[in-house]
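**Q** Before we start, here is the structure in question, set down as structure tokens.
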Amino acid sequence: MSEGMMEPYLGLISFFRQPVAETAKGLDIAVMGVPFDLATTGRPGSRFGPRGIREMSLTMAEFPWGVWPWDFHFRDRWAVADLGDVTGFTAYSDRMMPAVEEKADAVLATGSSLLTLGGDHSISYPLLRAHARKHGPLALIHFDAHSDTWTDEDLNHGTMFYHAIKEGIIVPENSIQLGMRTPNPDKHGMMVVDGNECLKTPAEEMAKRIRDRVGDRAAYLTFDIDFLDPSVAPATGTPVVGGPSVAYARDVLRALAGMKIVGGDQVEVAPHYEGAAQITALAGATIAADILYLIGLGHDT
Ligand SMILES: [Mn+2]
């Protein structure tokens, strides 16, 4: 084995074996988990998502040269640490939003960027609020099988982007949703590229559409694992057939390098629906790493 390599079954678990830290002081990118799934409308279980993602991240953390095919290791360019999980809201869903928002505010106040591991998708709402407070109204880049824009005054993992638009923290004219495979007429002004169109559109062209839509606005990238086809990501609350592959999603993501992506999250991995191979958490960990690279490159620009 090459020097610097570490097999995935060794040692303690943190995201990509990054150091565990109490605060984001001195970091370029902080990673945190939000083990919350009480806003789920389908199968619950994404409260175990952060743990599952961290565990499968160790399969890629084996290599000191970084995550293929990125040509550098993120830790060689940016100070990255795992802050652990936001806690204190178990069984009290009304405490989740303020707890996440407060933690995200504290991270962003240090000058660090933030990557968050979910948790159900409702966690994006307090994260968007914190990022908009720092960066102004945001462009949303949203990968998902569902639009999560239902016009409903209740806040759950299918309505939070409606609430975010209504609140003015995301700008629909600069926002784009990719991969939708469920009917929802409530677009609220966002550009929607459905799952079939994704399958017919080369990754580079899709990335260009995203860039054109977002323009110069600071962007927040959110990736629901159910964007992917259930054949590659079955362990999630509301799977929908007919989605793209992990390779396609990663090609699109990498083609966004250099955009002003100020923060992001990877949500909705629910490990208890996995087979023993843990392929959903593996996909989630890989996508989360790609988002981390994008946030780092955005931090540099
Ligand atoms: Mn979804």
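Following the order of the structure tokens, chains are lettered A, B, ..., residues in each are numbered from 1, and ligands are numbered from 1.
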Near segment 181-198 of chain A, counting only C-alpha atoms, which residues have an atom at most 10 Å away, once you skip same-chain residues fewer than 6 positions from it, shown as number ranges by chain?
**A** A: 139-151, 161-162, 165-166, 170-175, 205-206, 209-210, 213, 226-229, 239-244, 248-249
**Q** From a backbone DSSP assignment, name each residue in segment 120-239 of chain A labelled alpha helix (DSSP H), as a VMD selection string.
**A** chain A and resid 124 to 135 160 to 167 195 to 200 203 to 214
**Q** From segment 42-101 of chain A, collect each residue whose DSSP state is strand (DSSP E or B) and return the set as a ChimeraX atom specification.
**A** /A:80-85
**Q** Between A:His121, A:Lys103, A:Arg17, A:Arg51, single out the one closest to Val267 of chain A, counting only C-alpha atoms.
**A**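 Residue with the minimum atom-to-atom distance to Val267 of chain A: A:His121.
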**Q** In Å, with one decimal, what is the gap from atom CA of Asp251 of chain A to atom CA of Glu204 of chain A?
**A**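 For atom CA of Asp251 of chain A relative to atom CA of Glu204 of chain A, the distance reads 7.6 Å.
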**Q** Would you compute the distance between atom CA of Ala219 of chain A and atom CA of Lys260 of chain A? Give it in Å to one decimal.
**A**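 Interatomic distance, atom CA of Ala219 of chain A to atom CA of Lys260 of chain A: 6.1 Å.
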**Q** Enter the distance from atom CA of Arg217 of chain A to atom CA of Leu297 of chain A, in Å, rounded to one decimal.
**A**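 It comes out at 15.4 Å.
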**Q** Pick the closest to Glu55 of chain A from A:Leu138, A:Val252, A:Ala283, A:Ala164: which is it, counting only C-alpha atoms?
**A**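 Of A:Leu138, A:Val252, A:Ala283, A:Ala164, the one nearest Glu55 of chain A is A:Ala283, counting only C-alpha atoms.
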**Q** Would you pick out the contacts of segment 92-96 of chain A at 10 Å or less, using only C-alpha atoms, so that residues sharing its chain but fewer than 6 positions from it are not included, and give the list as a PDB file with C-alpha atoms, in the first residue's frame?
**A**
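selection-v2.pdb written:
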ATOM      1  CA  VAL A  34     -28.256  17.558  10.349  1.00  0.00           C
ATOM      2  CA  PRO A  35     -29.742  14.202  11.418  1.00  0.00           C
ATOM      3  CA  PHE A  36     -33.363  15.258  11.051  1.00  0.00           C
ATOM      4  CA  ASP A  37     -36.216  13.540   9.185  1.00  0.00           C
ATOM      5  CA  LEU A  38     -39.418  14.679  10.896  1.00  0.00           C
ATOM      6  CA  ALA A  39     -40.496  16.745   7.871  1.00  0.00           C
ATOM      7  CA  VAL A  86     -26.400  19.871  14.832  1.00  0.00           C
ATOM      8  CA  GLU A 102     -27.963  29.520  14.327  1.00  0.00           C
ATOM      9  CA  SER A 122     -36.435  20.694   4.762  1.00  0.00           C
ATOM     10  CA  ILE A 123     -33.033  21.415   6.303  1.00  0.00           C
ATOM     11  CA  PRO A 126     -32.727  27.352   7.447  1.00  0.00           C
TER      12      PRO A 126
END
**Q** Which one is closest to Arg77 of chain A: A:Gly111, A:Gly119, A:Gly296, A:Gly11? Count only C-alpha atoms.
**A**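 Closest to Arg77 of chain A, using only C-alpha atoms: A:Gly296.
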**Q** Counting only C-alpha atoms, what is within 9 Å of segment 28-32 of chain A, bar same-chain residues fewer than 5 positions away, as a short mmCIF file (atom, residue, chain, number, x, y, z; two decimals) with C-alpha atoms, in the first residue's frame?
**A**
data_model
loop_
_atom_site.label_atom_id
_atom_site.label_comp_id
_atom_site.auth_asym_id
_atom_site.auth_seq_id
_atom_site.Cartn_x
_atom_site.Cartn_y
_atom_site.Cartn_z
CA PHE A 15 -16.24 13.09 6.76
CA ALA A 21 -13.49 20.63 15.09
CA THR A 23 -15.94 25.67 15.54
CA PRO A 50 -25.00 12.03 7.88
CA TRP A 78 -8.43 24.31 1.73
CA ALA A 79 -8.71 23.81 5.48
CA VAL A 80 -11.66 21.45 5.90
CA ALA A 81 -13.02 20.02 9.14
CA ASP A 82 -16.05 18.05 10.27
CA LEU A 83 -18.05 19.92 12.91
CA GLY A 84 -20.17 16.89 13.72
CA ASP A 85 -23.95 17.18 13.89
CA VAL A 86 -26.40 19.87 14.83
CA VAL A 107 -20.02 29.04 10.72
CA GLY A 111 -15.55 33.43 7.03
CA SER A 112 -15.73 29.69 6.41
CA SER A 113 -18.06 28.19 3.84
CA LEU A 114 -20.41 25.37 4.76
CA LEU A 115 -21.33 21.97 3.34
CA THR A 116 -24.21 20.22 5.11
CA LEU A 117 -25.19 16.55 5.12
CA GLY A 118 -28.90 15.76 5.62
CA LEU A 292 -17.20 20.47 -1.46
CA ILE A 295 -17.69 25.36 -2.79
CA GLY A 296 -13.90 25.53 -2.41
CA HIS A 299 -14.54 30.39 -2.24
#
